[in-house]
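**Student:** My structure file protein09.cif, mmCIF, C-alpha atoms (C1' of nucleotides), is below:
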```cif
data_target
#
loop_
_atom_site.label_atom_id
_atom_site.label_comp_id
_atom_site.auth_asym_id
_atom_site.auth_seq_id
_atom_site.Cartn_x
_atom_site.Cartn_y
_atom_site.Cartn_z
CA MET W 202 98.40 33.69 51.25
CA PRO W 203 97.14 36.78 49.43
CA ASP W 204 98.91 39.93 50.53
CA GLU W 205 95.76 41.96 51.05
CA ASN W 206 94.96 39.84 54.11
CA ARG W 207 98.09 41.05 55.79
CA LEU W 208 97.13 44.60 55.13
CA LYS W 209 93.73 44.24 56.73
CA TYR W 210 94.85 42.72 60.03
CA ASP W 211 98.09 42.54 61.98
CA LEU W 212 97.12 39.33 63.69
CA LEU W 213 94.45 36.70 64.12
CA VAL W 214 93.23 35.50 67.50
CA VAL W 215 91.58 32.13 68.08
CA THR W 216 90.30 31.87 71.62
CA GLY W 217 87.49 30.12 73.49
CA PRO W 218 86.89 28.11 76.64
CA THR W 219 88.96 25.09 77.59
CA ALA W 220 88.46 21.92 75.53
CA SER W 221 86.77 23.74 72.67
CA GLY W 222 89.28 22.63 70.04
CA LYS W 223 91.02 25.99 69.56
CA THR W 224 94.50 24.69 68.89
CA ALA W 225 93.75 22.29 66.06
CA LEU W 226 91.67 24.96 64.36
CA ALA W 227 94.33 27.64 64.78
CA ALA W 228 96.95 25.26 63.38
CA ALA W 229 94.82 24.43 60.35
CA VAL W 230 94.32 28.12 59.63
CA ALA W 231 97.99 28.85 60.22
CA LEU W 232 99.04 26.23 57.67
CA GLU W 233 96.75 27.84 55.12
CA LEU W 234 98.30 31.27 55.77
CA GLY W 235 101.91 30.20 56.21
CA ALA W 236 101.50 31.69 59.68
CA GLU W 237 102.98 30.83 63.07
CA ILE W 238 101.15 30.44 66.35
CA ILE W 239 101.67 32.45 69.50
CA SER W 240 100.17 30.72 72.50
CA ALA W 241 98.09 32.73 74.96
CA ASP W 242 97.97 30.22 77.76
CA SER W 243 99.20 31.10 81.21
CA ARG W 244 100.07 27.50 82.11
CA GLN W 245 101.43 26.06 78.89
CA VAL W 246 104.42 28.38 79.28
CA TYR W 247 105.89 25.88 81.74
CA ARG W 248 108.12 23.05 80.59
CA GLY W 249 107.13 19.58 81.72
CA MET W 250 103.55 20.62 82.40
CA ASP W 251 101.88 19.03 79.41
CA LEU W 252 98.95 16.72 80.06
CA GLY W 253 97.75 18.85 82.94
CA THR W 254 97.72 22.01 80.84
CA GLY W 255 96.16 20.30 77.83
CA LYS W 256 99.35 20.89 75.85
CA ASP W 257 99.18 18.59 72.87
CA TYR W 258 102.08 18.89 70.46
CA SER W 259 100.26 16.76 67.88
CA ASP W 260 97.68 19.55 67.53
CA TYR W 261 100.37 21.63 65.81
CA ILE W 262 100.99 19.06 63.12
CA VAL W 263 98.63 19.55 60.20
CA ASP W 264 98.85 17.21 57.21
CA GLY W 265 102.39 16.36 58.20
CA HIS W 266 103.45 20.00 58.54
CA LYS W 267 104.59 21.22 61.92
CA ILE W 268 103.32 24.72 62.67
CA PRO W 269 105.83 26.67 64.77
CA CYS W 270 104.41 27.72 68.13
CA HIS W 271 105.78 30.45 70.38
CA LEU W 272 105.44 31.12 74.11
CA ILE W 273 104.98 27.56 75.22
CA ASP W 274 107.73 25.80 77.21
CA ILE W 275 109.50 29.06 77.99
CA ALA W 276 109.67 28.84 81.80
CA ASP W 277 110.69 26.28 84.37
CA PRO W 278 107.96 24.81 86.53
CA GLY W 279 108.15 26.57 89.87
CA TYR W 280 108.44 29.99 88.24
CA LYS W 281 105.55 32.42 88.52
CA TYR W 282 104.98 33.89 85.09
CA ASN W 283 102.61 36.84 84.78
CA VAL W 284 100.77 39.16 82.38
CA PHE W 285 103.49 41.77 82.30
CA GLU W 286 106.02 39.17 81.18
CA TYR W 287 103.57 37.78 78.68
CA GLN W 288 103.08 41.14 77.08
CA ARG W 289 106.82 41.75 76.96
CA ASP W 290 107.53 38.31 75.44
CA PHE W 291 104.66 38.68 73.02
CA LEU W 292 106.14 41.90 71.67
CA LYS W 293 109.48 40.23 71.18
CA VAL W 294 107.88 37.40 69.22
CA THR W 295 105.69 39.60 67.03
CA ALA W 296 108.65 41.83 66.21
CA GLY W 297 110.55 38.74 65.08
CA LEU W 298 107.65 37.49 62.98
CA LYS W 299 107.18 40.89 61.39
CA ALA W 300 110.84 41.02 60.43
CA ARG W 301 110.41 37.68 58.67
CA GLY W 302 107.07 38.66 57.14
CA VAL W 303 105.19 35.94 58.98
CA PHE W 304 101.56 36.44 60.03
CA PRO W 305 100.86 35.76 63.75
CA VAL W 306 97.98 33.60 64.96
CA VAL W 307 97.36 33.99 68.67
CA CYS W 308 95.76 30.93 70.21
CA GLY W 309 94.78 30.36 73.81
CA GLY W 310 92.16 30.65 76.49
CA SER W 311 93.84 32.93 79.02
CA GLY W 312 91.49 35.83 78.44
CA LEU W 313 93.57 38.35 80.34
CA TYR W 314 96.63 37.54 78.25
CA VAL W 315 94.65 37.86 75.03
CA ASP W 316 93.13 41.15 76.15
CA SER W 317 96.49 42.50 77.30
CA VAL W 318 97.82 42.31 73.77
CA VAL W 319 94.74 43.09 71.70
CA SER W 320 93.77 46.02 73.92
CA GLY W 321 97.39 47.05 74.47
CA TYR W 322 97.45 47.32 78.27
CA ARG W 323 99.79 49.98 79.60
CA MET W 324 102.28 48.07 81.70
CA PHE W 325 105.83 48.59 82.87
CA GLU W 326 108.27 46.76 85.03
CA VAL W 327 107.76 47.45 88.71
CA PRO W 328 110.08 45.44 90.95
CA PRO W 329 108.64 44.07 94.17
CA ASP W 330 109.21 46.31 97.20
CA TYR W 331 109.23 43.85 100.08
CA SER W 332 109.57 46.36 102.89
CA LEU W 333 106.63 48.34 101.56
CA ARG W 334 104.62 45.13 101.27
CA ALA W 335 105.41 44.16 104.84
CA GLU W 336 104.36 47.60 106.04
CA LEU W 337 101.09 47.57 104.07
CA GLU W 338 100.34 44.03 105.14
CA THR W 339 99.62 45.32 108.66
CA LYS W 340 96.81 47.52 107.38
CA SER W 341 93.23 46.45 106.77
CA LEU W 342 91.69 46.22 103.32
CA ASP W 343 89.58 49.27 104.16
CA GLU W 344 92.65 51.32 105.00
CA LEU W 345 94.39 50.20 101.82
CA THR W 346 91.32 51.04 99.75
CA GLY W 347 91.29 54.44 101.41
CA MET W 348 94.91 55.05 100.44
CA LEU W 349 94.19 54.12 96.84
CA ALA W 350 91.18 56.39 96.73
CA GLY W 351 93.45 59.31 97.57
CA PHE W 352 95.80 58.48 94.69
CA LYS W 353 95.60 59.93 91.25
CA LYS W 354 96.05 56.43 89.83
CA LEU W 355 98.66 56.63 87.15
CA HIS W 356 97.91 53.08 86.14
CA ASN W 357 94.69 51.26 85.37
CA VAL W 358 94.11 48.82 88.19
CA THR W 359 90.43 48.92 89.06
CA ASP W 360 89.85 45.79 91.08
CA THR W 361 91.32 46.05 94.56
CA ASP W 362 88.96 43.84 96.48
CA THR W 363 91.66 41.77 98.12
CA LYS W 364 94.63 42.93 100.17
CA LYS W 365 97.13 41.40 97.80
CA ARG W 366 95.73 43.33 94.88
CA ALA W 367 95.39 46.58 96.81
CA ILE W 368 99.00 46.31 98.00
CA ARG W 369 100.30 45.66 94.51
CA ALA W 370 98.30 48.61 93.19
CA ILE W 371 99.82 50.90 95.81
CA GLU W 372 103.27 49.53 95.07
CA ILE W 373 102.91 50.27 91.36
CA GLU W 374 101.52 53.73 92.05
CA LEU W 375 104.34 54.71 94.39
CA PHE W 376 106.99 53.31 92.08
CA GLN W 377 105.62 55.34 89.22
CA ARG W 378 105.55 58.54 91.24
CA ARG W 379 109.13 57.99 92.23
CA GLU W 380 110.52 56.89 88.91
CA GLY W 381 108.15 58.55 86.47
CA GLU W 382 106.22 56.65 83.85
CA ARG W 383 108.14 53.86 82.27
CA GLN W 384 105.42 52.38 80.25
CA THR W 385 106.01 49.82 77.59
CA ALA W 386 105.43 51.31 74.19
CA PHE W 387 102.76 48.92 73.05
CA PRO W 388 102.09 49.22 69.35
CA GLY W 389 98.50 49.36 68.20
CA MET W 390 97.67 46.16 66.36
CA LYS W 391 94.60 45.45 64.34
CA ALA W 392 93.38 42.05 65.42
CA LEU W 393 90.69 39.81 64.02
CA ILE W 394 89.36 38.05 67.11
CA THR W 395 87.57 34.76 66.76
CA GLY W 396 86.35 32.38 69.44
CA VAL W 397 85.38 28.73 69.30
CA LEU W 398 82.08 28.29 71.07
CA PRO W 399 80.53 24.98 72.10
CA ASP W 400 77.06 25.08 73.64
CA ARG W 401 77.08 24.64 77.41
CA GLU W 402 76.16 20.96 77.43
CA THR W 403 78.78 20.09 74.84
CA ARG W 404 81.38 22.13 76.66
CA ARG W 405 80.73 20.23 79.89
CA ARG W 406 80.66 16.85 78.21
CA ARG W 407 83.96 17.44 76.40
CA ILE W 408 85.65 18.64 79.57
CA SER W 409 84.56 15.52 81.44
CA GLU W 410 85.58 13.17 78.65
CA ARG W 411 88.95 14.80 78.22
CA LEU W 412 89.61 14.67 81.95
CA ARG W 413 88.95 10.93 82.10
CA GLN W 414 91.13 10.31 79.12
CA ARG W 415 94.05 12.29 80.54
CA LEU W 416 93.77 10.57 83.91
CA GLU W 417 94.12 7.27 82.08
CA THR W 418 97.12 8.35 80.06
CA GLY W 419 99.55 9.48 82.72
CA MET W 420 98.43 12.84 84.07
CA ILE W 421 98.88 11.63 87.66
CA ASP W 422 102.40 10.49 86.83
CA GLU W 423 103.20 13.85 85.32
CA VAL W 424 102.39 15.59 88.60
CA ARG W 425 104.19 12.92 90.60
CA THR W 426 107.30 13.44 88.47
CA LEU W 427 107.18 17.19 89.11
CA MET W 428 106.92 16.56 92.85
CA GLU W 429 109.74 14.06 92.82
CA GLY W 430 111.79 16.58 90.91
CA GLY W 431 111.63 18.73 94.03
CA LEU W 432 108.78 21.07 93.17
CA ASP W 433 107.09 22.39 96.32
CA PRO W 434 103.49 21.09 96.56
CA GLU W 435 102.52 24.67 97.41
CA ILE W 436 103.52 25.90 93.98
CA LEU W 437 101.68 23.03 92.30
CA ILE W 438 98.57 23.98 94.24
CA TYR W 439 99.09 27.59 93.15
CA TYR W 440 99.06 26.46 89.51
CA GLY W 441 95.47 25.36 90.07
CA LEU W 442 93.09 22.84 88.50
CA GLU W 443 94.85 19.58 87.53
CA TYR W 444 98.05 20.42 89.40
CA LYS W 445 96.22 21.55 92.51
CA HIS W 446 93.80 18.66 92.81
CA ILE W 447 96.21 15.91 91.81
CA THR W 448 98.74 17.27 94.31
CA LEU W 449 96.11 17.16 97.04
CA TYR W 450 95.48 13.53 96.10
CA LEU W 451 99.18 12.60 95.94
CA THR W 452 99.85 14.15 99.34
CA GLY W 453 96.99 12.15 100.83
CA LYS W 454 94.66 15.08 101.49
CA VAL W 455 91.78 13.63 99.44
CA SER W 456 90.79 10.24 98.05
CA TYR W 457 91.12 9.47 94.36
CA GLU W 458 87.35 9.57 93.85
CA LYS W 459 87.00 12.91 95.60
CA MET W 460 89.93 14.34 93.65
CA VAL W 461 88.36 13.36 90.33
CA SER W 462 84.97 14.82 91.17
CA ASP W 463 86.41 18.01 92.72
CA LEU W 464 88.66 18.50 89.70
CA GLU W 465 85.88 17.95 87.23
CA ILE W 466 83.77 20.57 88.99
CA ALA W 467 86.71 22.99 89.14
CA ILE W 468 87.34 22.72 85.39
CA HIS W 469 83.67 23.33 84.64
CA GLN W 470 83.79 26.41 86.87
CA PHE W 471 86.94 27.59 85.16
CA ALA W 472 85.33 27.30 81.71
CA LYS W 473 82.39 29.34 82.98
CA ARG W 474 84.77 32.05 84.26
CA GLN W 475 86.47 32.11 80.87
CA MET W 476 83.13 32.78 79.23
CA THR W 477 82.38 35.54 81.74
CA TRP W 478 85.67 37.18 80.81
CA PHE W 479 84.96 36.99 77.08
CA ARG W 480 81.50 38.49 77.57
CA GLY W 481 83.13 41.24 79.62
CA MET W 482 85.54 41.99 76.76
CA GLU W 483 82.61 42.21 74.37
CA ARG W 484 80.73 44.49 76.73
CA LYS W 485 83.70 46.86 76.68
CA GLY W 486 83.67 46.98 72.91
CA THR W 487 85.91 44.16 71.68
CA VAL W 488 84.32 42.31 68.79
CA ILE W 489 84.65 38.54 69.03
CA HIS W 490 83.49 36.51 66.06
CA TRP W 491 82.11 33.31 67.56
CA ILE W 492 82.38 30.10 65.62
CA ASP W 493 80.10 27.18 66.42
CA ALA W 494 82.35 24.43 67.73
CA SER W 495 80.04 21.75 66.40
CA LEU W 496 80.73 22.64 62.75
CA PRO W 497 83.01 20.33 60.75
CA ALA W 498 86.70 21.30 60.94
CA GLU W 499 86.85 22.38 57.32
CA GLN W 500 83.91 24.77 57.75
CA LYS W 501 85.35 26.34 60.86
CA LYS W 502 88.62 26.95 59.07
CA GLN W 503 86.85 28.41 56.05
CA LYS W 504 84.80 30.69 58.25
CA ILE W 505 87.95 32.21 59.72
CA LEU W 506 89.57 32.57 56.32
CA ASP W 507 86.44 34.33 55.06
CA LEU W 508 86.49 36.70 58.01
CA LEU W 509 90.14 37.49 57.32
CA ASN W 510 89.20 38.27 53.75
CA GLY W 511 86.51 40.60 54.93
CA PHE W 512 83.50 38.50 53.92
"C1'" G M 116 55.28 -10.99 107.17
"C1'" G M 117 55.85 -7.68 112.03
"C1'" U M 118 57.78 -3.26 114.39
"C1'" G M 119 60.34 1.29 114.22
"C1'" C M 120 62.50 5.42 111.64
"C1'" C M 121 62.72 8.44 107.28
"C1'" A M 122 60.58 11.06 102.68
"C1'" U M 123 61.69 19.14 102.09
"C1'" A M 124 66.16 22.62 96.28
"C1'" G M 125 70.27 19.01 91.44
"C1'" C M 126 72.88 16.53 96.18
"C1'" U M 127 73.43 16.21 101.75
"C1'" C M 128 70.25 17.90 105.27
"C1'" A M 129 67.88 21.79 108.78
"C1'" G M 130 63.09 23.94 109.84
"C1'" U M 131 58.04 25.48 110.44
"C1'" A M 132 54.74 25.26 118.87
"C1'" G M 133 49.66 24.97 111.84
"C1'" G M 134 50.07 31.09 108.40
"C1'" U M 135 53.34 27.61 101.52
"C1'" A M 136 60.49 27.21 103.83
"C1'" G M 137 66.67 27.79 104.40
"C1'" A M 138 71.97 26.18 105.09
"C1'" G M 139 76.39 23.85 102.83
"C1'" C M 140 77.89 22.01 98.17
"C1'" A M 141 76.47 22.07 93.04
"C1'" A M 142 74.30 25.41 89.44
"C1'" C M 143 73.66 30.32 87.52
"C1'" G M 144 75.20 35.67 86.97
"C1'" G M 145 79.09 39.24 87.61
"C1'" A M 146 83.99 41.75 88.62
"C1'" C M 147 88.94 41.51 87.61
"C1'" U M 148 95.92 45.41 84.13
"C1'" G M 149 102.04 42.05 87.88
"C1'" A M 150 98.19 35.26 91.08
"C1'" A M 151 94.10 35.19 85.62
"C1'" A M 152 93.88 27.40 85.54
"C1'" A M 153 94.48 32.79 90.28
"C1'" U M 154 91.43 36.00 93.29
"C1'" C M 155 86.83 38.20 94.66
"C1'" C M 156 81.38 39.53 94.71
"C1'" G M 157 76.23 38.33 94.01
"C1'" U M 158 71.60 35.03 93.09
"C1'" G M 159 67.33 30.19 95.90
"C1'" U M 160 66.14 27.75 91.08
"C1'" G M 161 60.88 24.09 95.55
"C1'" U M 162 53.73 19.93 93.63
"C1'" C M 163 57.90 20.30 101.30
"C1'" C M 164 56.25 11.73 98.27
"C1'" C M 165 50.70 10.59 97.08
"C1'" C M 166 45.12 10.22 98.34
"C1'" G M 167 41.91 11.69 102.00
"C1'" G M 168 40.61 13.84 107.09
"C1'" U M 169 40.71 17.81 111.02
"C1'" U M 170 41.20 23.25 110.39
"C1'" C M 171 39.62 29.83 108.32
"C1'" G M 172 44.35 27.79 106.74
"C1'" A M 173 48.27 21.53 106.45
"C1'" U M 174 54.88 20.96 104.20
"C1'" U M 175 53.81 20.69 109.64
"C1'" C M 176 48.63 17.13 113.15
"C1'" C M 177 45.65 12.37 111.95
"C1'" U M 178 44.01 7.80 108.66
"C1'" G M 179 45.49 5.05 104.53
"C1'" G M 180 48.96 4.26 100.56
"C1'" U M 181 53.85 4.24 98.00
"C1'" G M 182 59.16 4.18 98.28
"C1'" G M 183 63.72 3.73 101.23
"C1'" C M 184 66.54 2.24 105.62
"C1'" A M 185 67.07 -0.52 110.22
"C1'" C M 186 65.79 -4.29 113.52
"C1'" C M 187 62.77 -8.71 114.56
"C1'" A M 188 60.98 -13.02 112.32
#
```
What does the file become when written as structure tokens?
**Tutor:**
Amino acid sequence: MPDENRLKYDLLVVTGPTASGKTALAAAVALELGAEIISADSRQVYRGMDLGTGKDYSDYIVDGHKIPCHLIDIADPGYKYNVFEYQRDFLKVTAGLKARGVFPVVCGGSGLYVDSVVSGYRMFEVPPDYSLRAELETKSLDELTGMLAGFKKLHNVTDTDTKKRAIRAIEIELFQRREGERQTAFPGMKALITGVLPDRETRRRRISERLRQRLETGMIDEVRTLMEGGLDPEILIYYGLEYKHITLYLTGKVSYEKMVSDLEIAIHQFAKRQMTWFRGMERKGTVIHWIDASLPAEQKKQKILDLLNGF
RNA sequence: GGUGCCAUAGCUCAGUAGGUAGAGCAACGGACUGAAAAUCCGUGUGUCCCCGGUUCGAUUCCUGGUGGCACCA
């Protein structure tokens, strides 16, 4: 790829709602650029969670070339990965790519994860303080909100509308007062952010079609295997969507028919929330270049290459 | 064929002693820096089946249709 592209941007982002065809597009672009992909998907980080997370290894093979992909399959199922860890791991990967002179293409639909790296969230490791949590747990949300209001707020948490969030915010605040700021030095990176955008009807249709197809090709078995491997149903429910609803079915809580319809609705609602997040990012000043998902693959790829070249 | 019951939001249904209506789910909008596939907040989108009648006024009462369900033949 021409060197001037690398000078203009430090990385490319390809995001969009679920089932929009992000991965194949990102892989096609990556091949063109000799780039590697960094996943931004909060569930594809887990090993053995493939069909349910929409992880499709064949998407990374373009014209017989396998595009390397980072930050998938990096945690055991049962683990609770989070944004802080994502940011930390992301920095490790980008440093490695930079050392090798490889351009990074970030691809995924976890909007918070994408934003955490393109906006450079200030985060630092704050270990859980269980005795503090137990103490705060006895207070009401109003009391917790009151405590937070009296704080100077050294960090940027703004949404404390549930007890769990308010408690974590207080925990971070107190830790920082005690230990001083230990913020991750997050380098400023110039990102070209693109998003694949299907119209609402297409988005819904593709989600429904893909769900049916995955149910027919072993998605139930995948969840069953995880359960038989000793994974607590509670954690599967915590993972949400496919894992949650299929677990409820496998443990006899709902019928197969109800599971399928509940799950379909839940995925539609999730896609809608993803779009709300992206609009929120735009409202705060992030520029997202939307690409019509209905265009032929070649045109979508070309559009991104043109944007990278500044056209 | 007869009798009875039902017809109200996308769906399931409530309601109006006659003053044009509201719940749940869905849908839609939003928030969200250690759960983010999570979590939380907000919004009713309507020929009240159709034609007439009574009435100042009918989604509501009455006649007749139409459709559905149940029972009897």
**Student:** CA of Glu286 in chain W and CA of Arg323 in chain W, how far apart in Å?
**Tutor:**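 Atom-to-atom, CA of Arg323 in chain W and CA of Glu286 in chain W are spaced 12.6 Å apart.
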**Student:** Given all atoms listed in the file, how would the per-residue table for chain W near chain M read, listing every residue at most 8 Å away with its closest atom pair and distance in Å to one decimal, sorted by chain and number, as JSON lines?
**Tutor:**
```
{"residue": "W:Ser243", "atom": "CA", "partner": "M:A152", "partner_atom": "C1'", "distance": 7.8}
{"residue": "W:Arg244", "atom": "CA", "partner": "M:A152", "partner_atom": "C1'", "distance": 7.1}
{"residue": "W:Asn283", "atom": "CA", "partner": "M:G149", "partner_atom": "C1'", "distance": 6.1}
{"residue": "W:Val284", "atom": "CA", "partner": "M:G149", "partner_atom": "C1'", "distance": 6.3}
{"residue": "W:Phe285", "atom": "CA", "partner": "M:G149", "partner_atom": "C1'", "distance": 5.8}
{"residue": "W:Ser311", "atom": "CA", "partner": "M:A151", "partner_atom": "C1'", "distance": 7.0}
{"residue": "W:Gly312", "atom": "CA", "partner": "M:A151", "partner_atom": "C1'", "distance": 7.7}
{"residue": "W:Leu313", "atom": "CA", "partner": "M:A151", "partner_atom": "C1'", "distance": 6.2}
{"residue": "W:Ser317", "atom": "CA", "partner": "M:U148", "partner_atom": "C1'", "distance": 7.4}
{"residue": "W:Tyr322", "atom": "CA", "partner": "M:U148", "partner_atom": "C1'", "distance": 6.4}
{"residue": "W:Arg323", "atom": "CA", "partner": "M:U148", "partner_atom": "C1'", "distance": 7.5}
{"residue": "W:Met324", "atom": "CA", "partner": "M:U148", "partner_atom": "C1'", "distance": 7.3}
{"residue": "W:Val327", "atom": "CA", "partner": "M:G149", "partner_atom": "C1'", "distance": 7.9}
{"residue": "W:Asn357", "atom": "CA", "partner": "M:U148", "partner_atom": "C1'", "distance": 6.1}
{"residue": "W:Val358", "atom": "CA", "partner": "M:U148", "partner_atom": "C1'", "distance": 5.6}
{"residue": "W:Thr359", "atom": "CA", "partner": "M:C147", "partner_atom": "C1'", "distance": 7.7}
{"residue": "W:Asp360", "atom": "CA", "partner": "M:C147", "partner_atom": "C1'", "distance": 5.6}
{"residue": "W:Asp362", "atom": "CA", "partner": "M:C155", "partner_atom": "C1'", "distance": 6.3}
{"residue": "W:Thr363", "atom": "CA", "partner": "M:C155", "partner_atom": "C1'", "distance": 6.9}
{"residue": "W:Arg369", "atom": "CA", "partner": "M:G149", "partner_atom": "C1'", "distance": 7.7}
{"residue": "W:Tyr439", "atom": "CA", "partner": "M:A153", "partner_atom": "C1'", "distance": 7.5}
{"residue": "W:Tyr440", "atom": "CA", "partner": "M:A152", "partner_atom": "C1'", "distance": 6.6}
{"residue": "W:Gly441", "atom": "CA", "partner": "M:A152", "partner_atom": "C1'", "distance": 5.2}
{"residue": "W:Leu442", "atom": "CA", "partner": "M:A152", "partner_atom": "C1'", "distance": 5.5}
{"residue": "W:Phe471", "atom": "CA", "partner": "M:A152", "partner_atom": "C1'", "distance": 7.0}
{"residue": "W:Thr477", "atom": "CA", "partner": "M:G145", "partner_atom": "C1'", "distance": 7.7}
```
**Student:** Name the residues that the PyMOL selection byres ((chain W and resi 258-261) around 6) pulls out of this structure, and write them as an mmCIF file with C-alpha atoms, in the frame of the given file.
**Tutor:**
```cif
data_model
loop_
_atom_site.group_PDB
_atom_site.id
_atom_site.type_symbol
_atom_site.label_atom_id
_atom_site.label_comp_id
_atom_site.auth_asym_id
_atom_site.auth_seq_id
_atom_site.Cartn_x
_atom_site.Cartn_y
_atom_site.Cartn_z
ATOM 1 C CA ALA W 225 93.750 22.290 66.060
ATOM 2 C CA ALA W 228 96.950 25.260 63.380
ATOM 3 C CA ASP W 257 99.180 18.590 72.870
ATOM 4 C CA ILE W 262 100.990 19.060 63.120
ATOM 5 C CA LYS W 267 104.590 21.220 61.920
ATOM 6 C CA ILE W 268 103.320 24.720 62.670
#
```
**Student:** Name every residue that the PyMOL selection byres ((chain M and resi 161) around 12) selects in this structure, writing the answer as a PDB file with C-alpha atoms (C1' of nucleotides), keeping the file's coordinate frame with chains first and numbers rising.
**Tutor:**
```
ATOM      1  C1'   U M 123      61.690  19.140 102.090  1.00  0.00           C
ATOM      2  C1'   A M 124      66.160  22.620  96.280  1.00  0.00           C
ATOM      3  C1'   G M 125      70.270  19.010  91.440  1.00  0.00           C
ATOM      4  C1'   U M 135      53.340  27.610 101.520  1.00  0.00           C
ATOM      5  C1'   A M 136      60.490  27.210 103.830  1.00  0.00           C
ATOM      6  C1'   G M 137      66.670  27.790 104.400  1.00  0.00           C
ATOM      7  C1'   G M 159      67.330  30.190  95.900  1.00  0.00           C
ATOM      8  C1'   U M 160      66.140  27.750  91.080  1.00  0.00           C
ATOM      9  C1'   U M 162      53.730  19.930  93.630  1.00  0.00           C
ATOM     10  C1'   C M 163      57.900  20.300 101.300  1.00  0.00           C
ATOM     11  C1'   U M 174      54.880  20.960 104.200  1.00  0.00           C
TER      12        U M 174
END
```
**Student:** Please work out which residues fall within 9 Å of (103.5, 26.7, 77.9), coordinates as given in the file, with only C-alpha atoms (C1' of nucleotides) counting, and return them as a list in words.
**Tutor:**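 Residues found, by chain and rising number: Ser240, Ala241, Asp242, Ser243, Arg244, Gln245, Val246, Tyr247, Arg248, Gly249, Met250, Asp251, Thr254, Lys256, His271, Leu272, Ile273, Asp274, Ile275 and Ala276 of chain W.
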**Student:** For the structure shown, which residues end up in the PyMOL selection byres ((chain M and resi 121) around 9)? Put them as a CSV table (one decimal) with C-alpha atoms (C1' of nucleotides), in the frame of the given file, please?
**Tutor:**
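Result file is result_6.csv:
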```csv
chain,number,residue,atom,x,y,z
M,120,C,C1',62.5,5.4,111.6
M,122,A,C1',60.6,11.1,102.7
M,183,G,C1',63.7,3.7,101.2
M,184,C,C1',66.5,2.2,105.6
```
**Student:** Using all atoms listed in the file, find the one residue out of M:A188, M:C164, M:G133, M:U158 that sits nearest to C176 in chain M.
**Tutor:**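 Among M:A188, M:C164, M:G133, M:U158, it is M:G133 that comes nearest to C176 in chain M.
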**Student:** Could you give me, as JSON lines, a per-residue list for range 382-415 of chain W showing, wherever an atom lies at most 8 Å from an atom of range 446-469 of chain W, the closest pair of atoms and their distance in Å to one decimal, using all atoms listed in the file and sorting by chain then residue number from low to high?
**Tutor:**
```
{"residue": "W:Arg405", "atom": "CA", "partner": "W:His469", "partner_atom": "CA", "distance": 6.4}
{"residue": "W:Ile408", "atom": "CA", "partner": "W:His469", "partner_atom": "CA", "distance": 7.2}
{"residue": "W:Ser409", "atom": "CA", "partner": "W:Glu465", "partner_atom": "CA", "distance": 6.4}
{"residue": "W:Leu412", "atom": "CA", "partner": "W:Glu465", "partner_atom": "CA", "distance": 7.2}
```
**Student:** Gly389 in chain W: which residues within 8 Å, counting only C-alpha atoms (C1' of nucleotides), same-chain residues fewer than 2 positions away excluded, as a ChimeraX atom specification?
**Tutor:** /W:321,387,391
**Student:** Given only C-alpha atoms as the basis, pick out the residue of W:Pro278, W:Arg366, W:Ala220, W:Gly265 nearest to Gly430 in chain W.
**Tutor:**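 Ranking W:Pro278, W:Arg366, W:Ala220, W:Gly265 by distance to Gly430 in chain W, first place goes to W:Pro278.
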**Student:** What's the separation between CA of Pro399 in chain W and CA of Asp493 in chain W, in Å to one decimal place?
**Tutor:**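 Going from CA of Pro399 in chain W over to CA of Asp493 in chain W, I get 6.1 Å.
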**Student:** Name the closest residue to Gln377 in chain W among the candidates W:Val488, W:Val424, W:Phe325, W:Gln414; distances are taken between atoms, counting only C-alpha atoms.
**Tutor:**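 Distance minimum relative to Gln377 in chain W lands on W:Phe325.
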**Student:** What is the CA of Leu506 in chain W-CA of Val315 in chain W distance in Å, reported with one decimal?
**Tutor:**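 If I compute the distance from CA of Leu506 in chain W to CA of Val315 in chain W, I get 20.1 Å.
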**Student:** With all atoms listed in the file as the basis for distance, which of W:Leu432, W:Leu416, W:Arg474, W:Arg334 is at the shortest distance from Tyr280 in chain W?
**Tutor:**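 With all atoms listed in the file as the atom set, the closest residue is W:Leu432.
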